[in-house]
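Pasting work_9.pdb here (PDB, C-alpha atoms):
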MODEL        1
ATOM      1  CA  MET A 679    -103.961 -54.784 -41.410
ATOM      2  CA  ILE A 680    -105.843 -53.139 -38.559
ATOM      3  CA  GLU A 681    -108.550 -51.906 -40.892
ATOM      4  CA  ASP A 682    -109.671 -55.536 -40.924
ATOM      5  CA  ASP A 683    -109.955 -55.716 -37.182
ATOM      6  CA  GLU A 684    -112.499 -53.638 -35.336
ATOM      7  CA  LEU A 685    -110.852 -53.925 -31.946
ATOM      8  CA  LEU A 686    -107.344 -53.091 -33.135
ATOM      9  CA  SER A 687    -108.586 -50.181 -35.201
ATOM     10  CA  ARG A 688    -110.259 -48.783 -32.077
ATOM     11  CA  LEU A 689    -106.845 -48.571 -30.456
ATOM     12  CA  SER A 690    -105.832 -45.961 -32.986
ATOM     13  CA  GLU A 691    -108.757 -43.840 -31.808
ATOM     14  CA  LEU A 692    -107.483 -43.626 -28.244
ATOM     15  CA  PRO A 693    -107.048 -40.002 -27.174
ATOM     16  CA  PRO A 694    -103.531 -38.702 -27.739
ATOM     17  CA  LEU A 695    -101.370 -38.354 -24.648
ATOM     18  CA  ALA A 696     -98.978 -35.467 -25.115
ATOM     19  CA  PRO A 697     -96.306 -34.213 -22.743
ATOM     20  CA  ASP A 698     -96.831 -30.869 -21.068
ATOM     21  CA  ALA A 699     -95.608 -27.927 -23.121
ATOM     22  CA  GLU A 700     -92.952 -27.205 -20.513
ATOM     23  CA  LEU A 701     -91.621 -30.753 -20.541
ATOM     24  CA  ARG A 702     -91.741 -30.823 -24.319
ATOM     25  CA  ARG A 703     -89.675 -27.657 -24.548
ATOM     26  CA  ALA A 704     -87.234 -28.702 -21.817
ATOM     27  CA  VAL A 705     -86.511 -32.121 -23.329
ATOM     28  CA  HIS A 706     -86.211 -30.681 -26.802
ATOM     29  CA  SER A 707     -83.801 -28.000 -25.666
ATOM     30  CA  ARG A 708     -81.618 -30.354 -23.616
ATOM     31  CA  ALA A 709     -81.501 -33.161 -26.175
ATOM     32  CA  ARG A 710     -80.947 -30.806 -29.102
ATOM     33  CA  GLY A 711     -78.089 -29.162 -27.243
ATOM     34  CA  ARG A 712     -76.465 -32.534 -26.651
ATOM     35  CA  PHE A 713     -77.038 -33.485 -30.276
ATOM     36  CA  LEU A 714     -75.261 -30.374 -31.546
ATOM     37  CA  ARG A 715     -72.505 -30.376 -28.902
ATOM     38  CA  PRO A 716     -71.623 -33.970 -28.142
ATOM     39  CA  ALA A 717     -70.163 -34.534 -24.713
ATOM     40  CA  SER A 718     -66.388 -34.419 -24.866
ATOM     41  CA  SER A 719     -65.818 -35.144 -21.196
ATOM     42  CA  SER A 720     -64.388 -38.607 -21.877
ATOM     43  CA  ARG A 721     -61.816 -37.225 -24.315
ATOM     44  CA  THR A 722     -60.881 -34.449 -21.895
ATOM     45  CA  ALA A 723     -60.581 -36.944 -19.063
ATOM     46  CA  SER A 724     -58.339 -39.180 -21.184
ATOM     47  CA  TRP A 725     -55.968 -36.309 -21.939
ATOM     48  CA  ALA A 726     -55.943 -35.304 -18.288
ATOM     49  CA  VAL A 727     -54.890 -38.835 -17.256
ATOM     50  CA  VAL A 728     -52.158 -38.947 -19.927
ATOM     51  CA  ALA A 729     -50.816 -35.557 -18.855
ATOM     52  CA  ALA A 730     -50.824 -36.583 -15.193
ATOM     53  CA  VAL A 731     -48.910 -39.797 -15.973
ATOM     54  CA  VAL A 732     -46.303 -37.922 -18.042
ATOM     55  CA  VAL A 733     -45.792 -35.325 -15.330
ATOM     56  CA  TYR A 734     -45.489 -38.036 -12.675
ATOM     57  CA  LEU A 735     -42.982 -40.070 -14.693
ATOM     58  CA  GLY A 736     -40.947 -36.951 -15.407
ATOM     59  CA  TRP A 737     -40.851 -36.109 -11.744
ATOM     60  CA  ALA A 738     -39.945 -39.717 -10.827
ATOM     61  CA  VAL A 739     -37.046 -39.832 -13.317
ATOM     62  CA  ARG A 740     -35.719 -36.519 -12.106
ATOM     63  CA  PHE A 741     -36.058 -37.552  -8.452
ATOM     64  CA  ALA A 742     -34.304 -40.876  -9.081
ATOM     65  CA  SER A 743     -31.488 -39.255 -11.026
ATOM     66  CA  GLU A 744     -30.902 -36.745  -8.228
ATOM     67  CA  LEU A 745     -30.473 -39.592  -5.738
ATOM     68  CA  TYR A 746     -27.370 -40.826  -7.532
ATOM     69  CA  GLN A 747     -25.698 -37.454  -8.019
TER      70      GLN A 747
ATOM     71  CA  MET B 194     -76.777 -28.314 -49.892
ATOM     72  CA  LYS B 195     -80.441 -27.343 -49.862
ATOM     73  CA  PRO B 196     -82.500 -28.326 -46.868
ATOM     74  CA  PHE B 197     -84.370 -31.569 -47.269
ATOM     75  CA  VAL B 198     -87.497 -30.448 -45.537
ATOM     76  CA  THR B 199     -89.426 -27.421 -44.486
ATOM     77  CA  LEU B 200     -90.188 -27.487 -40.812
ATOM     78  CA  GLU B 201     -93.416 -26.136 -39.433
ATOM     79  CA  ILE B 202     -92.851 -26.446 -35.734
ATOM     80  CA  ASP B 203     -94.299 -24.202 -33.088
ATOM     81  CA  PHE B 204     -92.765 -25.485 -29.901
ATOM     82  CA  ALA B 205     -93.810 -22.423 -27.948
ATOM     83  CA  ALA B 206     -97.437 -23.355 -28.401
ATOM     84  CA  GLY B 207     -96.725 -27.045 -27.998
ATOM     85  CA  HIS B 208     -98.021 -27.850 -31.454
ATOM     86  CA  THR B 209     -96.442 -30.270 -33.855
ATOM     87  CA  LEU B 210     -96.881 -31.250 -37.423
ATOM     88  CA  ALA B 211     -99.972 -33.225 -38.174
ATOM     89  CA  ALA B 212     -97.689 -36.115 -38.984
ATOM     90  CA  ARG B 213    -100.380 -38.722 -38.808
ATOM     91  CA  ALA B 214    -102.340 -37.083 -41.587
ATOM     92  CA  LEU B 215     -99.498 -37.796 -44.007
ATOM     93  CA  SER B 216     -99.673 -40.787 -46.270
ATOM     94  CA  PRO B 217     -97.399 -43.717 -45.375
ATOM     95  CA  SER B 218     -95.059 -42.964 -48.260
ATOM     96  CA  MET B 219     -94.785 -39.312 -47.209
ATOM     97  CA  GLU B 220     -94.133 -40.412 -43.636
ATOM     98  CA  GLU B 221     -91.346 -42.689 -44.815
ATOM     99  CA  ALA B 222     -89.883 -39.897 -46.935
ATOM    100  CA  ARG B 223     -89.904 -37.550 -43.947
ATOM    101  CA  ASP B 224     -88.232 -40.181 -41.800
ATOM    102  CA  ARG B 225     -85.550 -40.704 -44.431
ATOM    103  CA  ASP B 226     -84.973 -36.937 -44.540
ATOM    104  CA  ALA B 227     -84.701 -36.853 -40.771
ATOM    105  CA  VAL B 228     -82.216 -39.742 -40.690
ATOM    106  CA  GLU B 229     -80.099 -38.114 -43.389
ATOM    107  CA  LEU B 230     -79.981 -34.839 -41.460
ATOM    108  CA  LEU B 231     -79.337 -36.603 -38.154
ATOM    109  CA  ARG B 232     -76.386 -38.438 -39.687
ATOM    110  CA  ARG B 233     -74.907 -35.058 -40.659
ATOM    111  CA  ARG B 234     -75.531 -33.704 -37.141
ATOM    112  CA  ASP B 235     -77.885 -31.129 -38.598
ATOM    113  CA  GLY B 236     -80.205 -29.680 -35.959
ATOM    114  CA  ARG B 237     -83.104 -29.703 -38.408
ATOM    115  CA  GLY B 238     -82.972 -33.487 -38.403
ATOM    116  CA  PHE B 239     -83.410 -33.551 -34.654
ATOM    117  CA  ASP B 240     -86.233 -30.998 -34.849
ATOM    118  CA  LEU B 241     -88.011 -33.024 -37.477
ATOM    119  CA  ALA B 242     -87.696 -36.280 -35.553
ATOM    120  CA  TYR B 243     -88.881 -34.591 -32.381
ATOM    121  CA  ALA B 244     -91.837 -32.916 -34.063
ATOM    122  CA  ARG B 245     -92.933 -36.174 -35.643
ATOM    123  CA  TYR B 246     -92.461 -38.511 -32.714
ATOM    124  CA  ALA B 247     -92.443 -36.652 -29.378
ATOM    125  CA  ASP B 248     -96.177 -37.033 -28.759
ATOM    126  CA  ARG B 249     -96.379 -40.545 -30.124
ATOM    127  CA  ILE B 250     -93.456 -41.791 -28.049
ATOM    128  CA  PHE B 251     -94.824 -40.083 -24.959
ATOM    129  CA  GLY B 252     -98.291 -41.592 -25.443
ATOM    130  CA  PHE B 253     -96.775 -45.024 -26.007
ATOM    131  CA  LEU B 254     -94.717 -44.720 -22.824
ATOM    132  CA  VAL B 255     -97.645 -43.524 -20.692
ATOM    133  CA  ARG B 256     -99.747 -46.452 -21.829
ATOM    134  CA  LEU B 257     -96.926 -48.956 -21.567
ATOM    135  CA  SER B 258     -95.782 -47.870 -18.117
ATOM    136  CA  ARG B 259     -99.232 -46.814 -16.855
ATOM    137  CA  SER B 260     -97.545 -43.907 -15.124
ATOM    138  CA  ARG B 261     -97.233 -40.399 -16.455
ATOM    139  CA  ALA B 262     -94.371 -39.557 -14.106
ATOM    140  CA  LEU B 263     -92.340 -42.563 -15.240
ATOM    141  CA  ALA B 264     -93.219 -41.861 -18.872
ATOM    142  CA  GLU B 265     -91.804 -38.354 -18.511
ATOM    143  CA  ASP B 266     -88.452 -39.759 -17.387
ATOM    144  CA  LEU B 267     -88.368 -42.404 -20.110
ATOM    145  CA  PHE B 268     -89.406 -39.846 -22.716
ATOM    146  CA  GLN B 269     -86.357 -37.787 -21.840
ATOM    147  CA  VAL B 270     -84.114 -40.862 -21.899
ATOM    148  CA  THR B 271     -85.389 -41.758 -25.366
ATOM    149  CA  PHE B 272     -84.649 -38.389 -26.934
ATOM    150  CA  LEU B 273     -81.304 -37.997 -25.195
ATOM    151  CA  ARG B 274     -80.436 -41.349 -26.724
ATOM    152  CA  LEU B 275     -81.450 -39.999 -30.114
ATOM    153  CA  ALA B 276     -79.192 -36.991 -29.491
ATOM    154  CA  GLU B 277     -76.269 -39.305 -28.767
ATOM    155  CA  GLN B 278     -76.880 -41.963 -31.376
ATOM    156  CA  GLY B 279     -78.492 -39.911 -34.145
ATOM    157  CA  PRO B 280     -75.273 -39.220 -36.074
ATOM    158  CA  ARG B 281     -74.433 -42.931 -35.942
ATOM    159  CA  LEU B 282     -77.731 -44.139 -37.434
ATOM    160  CA  ARG B 283     -77.406 -46.118 -40.650
ATOM    161  CA  ALA B 284     -78.700 -44.475 -43.807
ATOM    162  CA  ASP B 285     -81.401 -47.128 -44.106
ATOM    163  CA  SER B 286     -82.455 -46.965 -40.452
ATOM    164  CA  ASP B 287     -86.171 -46.993 -39.763
ATOM    165  CA  LEU B 288     -86.478 -43.977 -37.466
ATOM    166  CA  ARG B 289     -89.896 -44.895 -36.125
ATOM    167  CA  ALA B 290     -88.888 -48.455 -35.255
ATOM    168  CA  TRP B 291     -85.618 -47.220 -33.772
ATOM    169  CA  LEU B 292     -87.330 -44.700 -31.488
ATOM    170  CA  PHE B 293     -90.014 -47.097 -30.310
ATOM    171  CA  ALA B 294     -87.365 -49.760 -29.666
ATOM    172  CA  VAL B 295     -85.348 -47.305 -27.568
ATOM    173  CA  ALA B 296     -88.485 -46.276 -25.665
ATOM    174  CA  ARG B 297     -89.546 -49.844 -24.886
ATOM    175  CA  ASN B 298     -86.017 -50.867 -23.941
ATOM    176  CA  ALA B 299     -85.835 -47.904 -21.579
ATOM    177  CA  TYR B 300     -89.089 -49.053 -19.992
ATOM    178  CA  TYR B 301     -88.007 -52.669 -19.583
ATOM    179  CA  SER B 302     -84.595 -51.634 -18.237
ATOM    180  CA  HIS B 303     -86.374 -49.553 -15.652
ATOM    181  CA  ALA B 304     -88.843 -52.338 -14.857
ATOM    182  CA  ARG B 305     -85.999 -54.829 -14.397
ATOM    183  CA  ARG B 306     -84.163 -52.475 -12.084
ATOM    184  CA  ARG B 307     -87.194 -51.690  -9.997
ATOM    185  CA  ALA B 308     -89.136 -54.926 -10.555
ATOM    186  CA  ASP B 309     -92.189 -52.689 -10.510
ATOM    187  CA  ASP B 310     -94.306 -54.096 -13.285
ATOM    188  CA  PRO B 311     -97.321 -54.991 -11.174
ATOM    189  CA  HIS B 312     -99.595 -57.873 -11.869
ATOM    190  CA  PRO B 313    -102.042 -56.940 -14.624
ATOM    191  CA  GLY B 314    -105.283 -55.532 -13.342
ATOM    192  CA  GLU B 315    -104.081 -54.671  -9.870
ATOM    193  CA  ALA B 316    -101.936 -51.594  -9.800
ATOM    194  CA  GLY B 317    -102.465 -50.496 -13.371
ATOM    195  CA  GLN B 318    -105.474 -48.343 -12.855
ATOM    196  CA  SER B 319    -104.280 -46.898  -9.593
ATOM    197  CA  ALA B 320    -100.997 -45.949 -11.258
ATOM    198  CA  LEU B 321    -102.886 -44.010 -13.869
ATOM    199  CA  ALA B 322    -105.113 -42.382 -11.306
ATOM    200  CA  ALA B 323    -102.137 -41.419  -9.212
ATOM    201  CA  SER B 324    -100.504 -39.725 -12.164
ATOM    202  CA  ASN B 325    -103.722 -37.859 -12.905
ATOM    203  CA  VAL B 326    -103.873 -39.119 -16.466
ATOM    204  CA  GLU B 327    -107.399 -40.404 -16.086
ATOM    205  CA  ALA B 328    -108.691 -37.147 -14.675
ATOM    206  CA  ARG B 329    -107.039 -35.136 -17.393
ATOM    207  CA  LEU B 330    -107.792 -37.257 -20.371
ATOM    208  CA  GLU B 331    -110.980 -39.100 -19.436
ATOM    209  CA  LEU B 332    -109.878 -42.531 -20.503
ATOM    210  CA  ASP B 333    -112.529 -44.643 -22.119
ATOM    211  CA  ASP B 334    -113.360 -48.288 -21.551
ATOM    212  CA  LEU B 335    -110.810 -49.459 -24.049
ATOM    213  CA  GLU B 336    -108.103 -47.523 -22.321
ATOM    214  CA  ARG B 337    -109.054 -49.136 -19.034
ATOM    215  CA  ALA B 338    -109.131 -52.571 -20.601
ATOM    216  CA  LEU B 339    -105.663 -51.934 -21.987
ATOM    217  CA  THR B 340    -104.315 -51.123 -18.548
ATOM    218  CA  THR B 341    -105.412 -54.508 -17.240
ATOM    219  CA  LEU B 342    -103.129 -56.335 -19.648
ATOM    220  CA  GLY B 343     -99.488 -57.203 -19.119
ATOM    221  CA  SER B 344     -96.808 -54.972 -20.571
ATOM    222  CA  ASN B 345     -95.937 -57.471 -23.306
ATOM    223  CA  ASP B 346     -99.527 -57.429 -24.536
ATOM    224  CA  ARG B 347     -99.818 -53.674 -24.222
ATOM    225  CA  GLU B 348     -96.716 -52.905 -26.226
ATOM    226  CA  LEU B 349     -97.738 -55.259 -29.009
ATOM    227  CA  LEU B 350    -101.275 -53.880 -29.219
ATOM    228  CA  LEU B 351    -100.089 -50.279 -29.088
ATOM    229  CA  LEU B 352     -97.494 -50.779 -31.793
ATOM    230  CA  VAL B 353     -99.933 -52.515 -34.116
ATOM    231  CA  GLY B 354    -103.158 -50.750 -33.155
ATOM    232  CA  ALA B 355    -102.075 -47.220 -32.360
ATOM    233  CA  GLU B 356     -98.892 -47.011 -34.437
ATOM    234  CA  HIS B 357    -100.150 -49.072 -37.382
ATOM    235  CA  MET B 358     -97.003 -51.185 -37.522
ATOM    236  CA  THR B 359     -97.161 -54.408 -39.452
ATOM    237  CA  VAL B 360     -96.410 -57.783 -37.895
ATOM    238  CA  ILE B 361     -93.151 -57.802 -39.846
ATOM    239  CA  GLU B 362     -92.115 -54.431 -38.406
ATOM    240  CA  VAL B 363     -93.123 -55.406 -34.890
ATOM    241  CA  ALA B 364     -91.260 -58.713 -35.136
ATOM    242  CA  ALA B 365     -88.106 -56.839 -36.181
ATOM    243  CA  LEU B 366     -88.531 -54.278 -33.408
ATOM    244  CA  LEU B 367     -89.072 -56.923 -30.721
ATOM    245  CA  GLU B 368     -86.388 -59.168 -32.228
ATOM    246  CA  ILE B 369     -88.704 -62.157 -32.503
ATOM    247  CA  ASP B 370     -89.767 -64.148 -35.547
ATOM    248  CA  GLN B 371     -92.915 -63.249 -37.424
ATOM    249  CA  ALA B 372     -94.834 -66.381 -36.483
ATOM    250  CA  THR B 373     -94.217 -65.690 -32.804
ATOM    251  CA  ALA B 374     -95.240 -62.064 -33.225
ATOM    252  CA  ARG B 375     -98.434 -63.135 -34.957
ATOM    253  CA  LYS B 376     -99.261 -65.622 -32.195
ATOM    254  CA  ARG B 377     -98.505 -63.117 -29.460
ATOM    255  CA  LEU B 378    -100.633 -60.492 -31.179
ATOM    256  CA  SER B 379    -103.522 -62.887 -31.510
ATOM    257  CA  ARG B 380    -103.347 -63.809 -27.826
ATOM    258  CA  ALA B 381    -102.988 -60.170 -26.768
ATOM    259  CA  ARG B 382    -105.944 -59.212 -28.897
ATOM    260  CA  GLU B 383    -108.031 -61.964 -27.337
ATOM    261  CA  ARG B 384    -107.142 -60.822 -23.837
ATOM    262  CA  LEU B 385    -107.951 -57.213 -24.719
ATOM    263  CA  SER B 386    -111.247 -58.283 -26.173
ATOM    264  CA  ARG B 387    -112.141 -60.168 -22.991
ATOM    265  CA  ALA B 388    -111.115 -57.237 -20.793
ATOM    266  CA  PHE B 389    -113.006 -54.791 -22.992
ATOM    267  CA  THR B 390    -116.305 -56.562 -23.423
ATOM    268  CA  GLY B 391    -116.219 -59.401 -20.926
ATOM    269  CA  PRO B 392    -115.724 -63.103 -21.594
ATOM    270  CA  GLU B 393    -119.209 -63.600 -23.004
ATOM    271  CA  THR B 394    -119.065 -61.043 -25.784
ATOM    272  CA  THR B 395    -115.602 -60.913 -27.258
ATOM    273  CA  VAL B 396    -115.140 -58.716 -30.317
ATOM    274  CA  ALA B 397    -114.283 -61.028 -33.157
ATOM    275  CA  PRO B 398    -111.989 -59.824 -35.921
ATOM    276  CA  ARG B 399    -113.805 -59.324 -39.205
ATOM    277  CA  LYS B 400    -111.000 -61.009 -41.025
ATOM    278  CA  ARG B 401    -108.001 -63.036 -39.988
ATOM    279  CA  THR B 402    -105.007 -60.749 -39.565
ATOM    280  CA  PRO B 403    -102.311 -61.340 -42.168
TER     281      PRO B 403
ENDMDL
END
What do you get writing this file as structure tokens?
Amino acid sequence: MIEDDELLSRLSELPPLAPDAELRRAVHSRARGRFLRPASSSRTASWAVVAAVVVYLGWAVRFASELYQ
Amino acid sequence: MKPFVTLEIDFAAGHTLAARALSPSMEEARDRDAVELLRRRDGRGFDLAYARYADRIFGFLVRLSRSRALAEDLFQVTFLRLAEQGPRLRADSDLRAWLFAVARNAYYSHARRRADDPHPGEAGQSALAASNVEARLELDDLERALTTLGSNDRELLLLVGAEHMTVIEVAALLEIDQATARKRLSRARERLSRAFTGPETTVAPRKRTP
């Protein structure tokens, strides 16, 4: 398509704009790490909430039962 | 299973594959390999995608945002998104379109939050100068003309002109119909032509774009 259009084809001759080597390495390293080890914080947080609720309910039942003894 | 591809990446030296020298069919084959590996959470898939698209996405973002500093942030956002979403890509996903869509969405999300897309022709060049892109890369007249356009025009021209996407691909990426994409491209091209050569001597297309 752009071969037919002189102006558009000139756009493909614009000089490449590359990230600095340091940025390139840093982003690659961080993103690759996340790709290989997906964040599990949400799952951990969910289990923490469930455990806290169970502990609280257990304590509440025990406390209530002791009131009537 | 045997690896799909052989990677030739030298990140230490900042070099990447000469992806653009590949034929379109080879490029598509490499993208399919990358998607397949990404879906299996294979690090080689991420490496391949990064090697093929890091520079192209970064260049697109610098020219779209007219700010190297902002482009660096959005570049990181784009590839972190690939890290998160890569294993959930569909087998028939177009990796190039997906990455450019993520990059442009990241830019427009940022622009909406900050409302910092200045009027074309006013802050564009100063933004580039401030980020030292012009000094480092010695932008030519076309580059300067491009910066005077609005972001909608820039993205369309960059996707078609620099990335060689077809109108059909661009329409799918921008989620607009093909006729609209064609009209927008024609208008953007006309504005670029005026900014590049002046109103008196616009560069006419040799042939009507399909």
Next on the checklist: Should the cut-off be 12 Å, what would the residue list for chain A against chain B look like, counting all atoms listed in the file, as a PyMOL selection string?
Outcome noted: chain A and resi 679-718
Can you write just those residues out, C-alpha atoms, as a JSON list (two decimals), in the frame of the given file?
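File produced: part02.json:
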[["chain", "number", "residue", "atom", "x", "y", "z"],
["A", 679, "MET", "CA", -103.96, -54.78, -41.41],
["A", 680, "ILE", "CA", -105.84, -53.14, -38.56],
["A", 681, "GLU", "CA", -108.55, -51.91, -40.89],
["A", 682, "ASP", "CA", -109.67, -55.54, -40.92],
["A", 683, "ASP", "CA", -109.96, -55.72, -37.18],
["A", 684, "GLU", "CA", -112.50, -53.64, -35.34],
["A", 685, "LEU", "CA", -110.85, -53.92, -31.95],
["A", 686, "LEU", "CA", -107.34, -53.09, -33.14],
["A", 687, "SER", "CA", -108.59, -50.18, -35.20],
["A", 688, "ARG", "CA", -110.26, -48.78, -32.08],
["A", 689, "LEU", "CA", -106.84, -48.57, -30.46],
["A", 690, "SER", "CA", -105.83, -45.96, -32.99],
["A", 691, "GLU", "CA", -108.76, -43.84, -31.81],
["A", 692, "LEU", "CA", -107.48, -43.63, -28.24],
["A", 693, "PRO", "CA", -107.05, -40.00, -27.17],
["A", 694, "PRO", "CA", -103.53, -38.70, -27.74],
["A", 695, "LEU", "CA", -101.37, -38.35, -24.65],
["A", 696, "ALA", "CA", -98.98, -35.47, -25.12],
["A", 697, "PRO", "CA", -96.31, -34.21, -22.74],
["A", 698, "ASP", "CA", -96.83, -30.87, -21.07],
["A", 699, "ALA", "CA", -95.61, -27.93, -23.12],
["A", 700, "GLU", "CA", -92.95, -27.20, -20.51],
["A", 701, "LEU", "CA", -91.62, -30.75, -20.54],
["A", 702, "ARG", "CA", -91.74, -30.82, -24.32],
["A", 703, "ARG", "CA", -89.68, -27.66, -24.55],
["A", 704, "ALA", "CA", -87.23, -28.70, -21.82],
["A", 705, "VAL", "CA", -86.51, -32.12, -23.33],
["A", 706, "HIS", "CA", -86.21, -30.68, -26.80],
["A", 707, "SER", "CA", -83.80, -28.00, -25.67],
["A", 708, "ARG", "CA", -81.62, -30.35, -23.62],
["A", 709, "ALA", "CA", -81.50, -33.16, -26.18],
["A", 710, "ARG", "CA", -80.95, -30.81, -29.10],
["A", 711, "GLY", "CA", -78.09, -29.16, -27.24],
["A", 712, "ARG", "CA", -76.46, -32.53, -26.65],
["A", 713, "PHE", "CA", -77.04, -33.48, -30.28],
["A", 714, "LEU", "CA", -75.26, -30.37, -31.55],
["A", 715, "ARG", "CA", -72.50, -30.38, -28.90],
["A", 716, "PRO", "CA", -71.62, -33.97, -28.14],
["A", 717, "ALA", "CA", -70.16, -34.53, -24.71],
["A", 718, "SER", "CA", -66.39, -34.42, -24.87]]
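Coordinates place CA of Val733 (chain A) at a distance of 18.5 Å from CA of Arg721 (chain A).
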Where is the centre and how long are the edges: axis-aligned box on region 720-733 of chain A, 6 Å on each side, Å to one decimal, as AutoDock Vina command-line options:
--center_x -55.1 --center_y -37.1 --center_z -19.8 --size_x 30.6 --size_y 17.3 --size_z 21.1
Checklist outcome for this item: CA of Arg225 (chain B) sits from CA of Val363 (chain B) at a separation of 19.1 Å
Checklist entry - Expanded to explicit residues, what is the PyMOL selection byres ((chain B and resi 301) around 12) for this file, as number ranges by chain? => result B: 254, 257-258, 263, 267, 294-300, 302-310, 344-345, 348, 367
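The space between CA of Lys376 (chain B) and CA of Thr341 (chain B) spans 19.6 Å.
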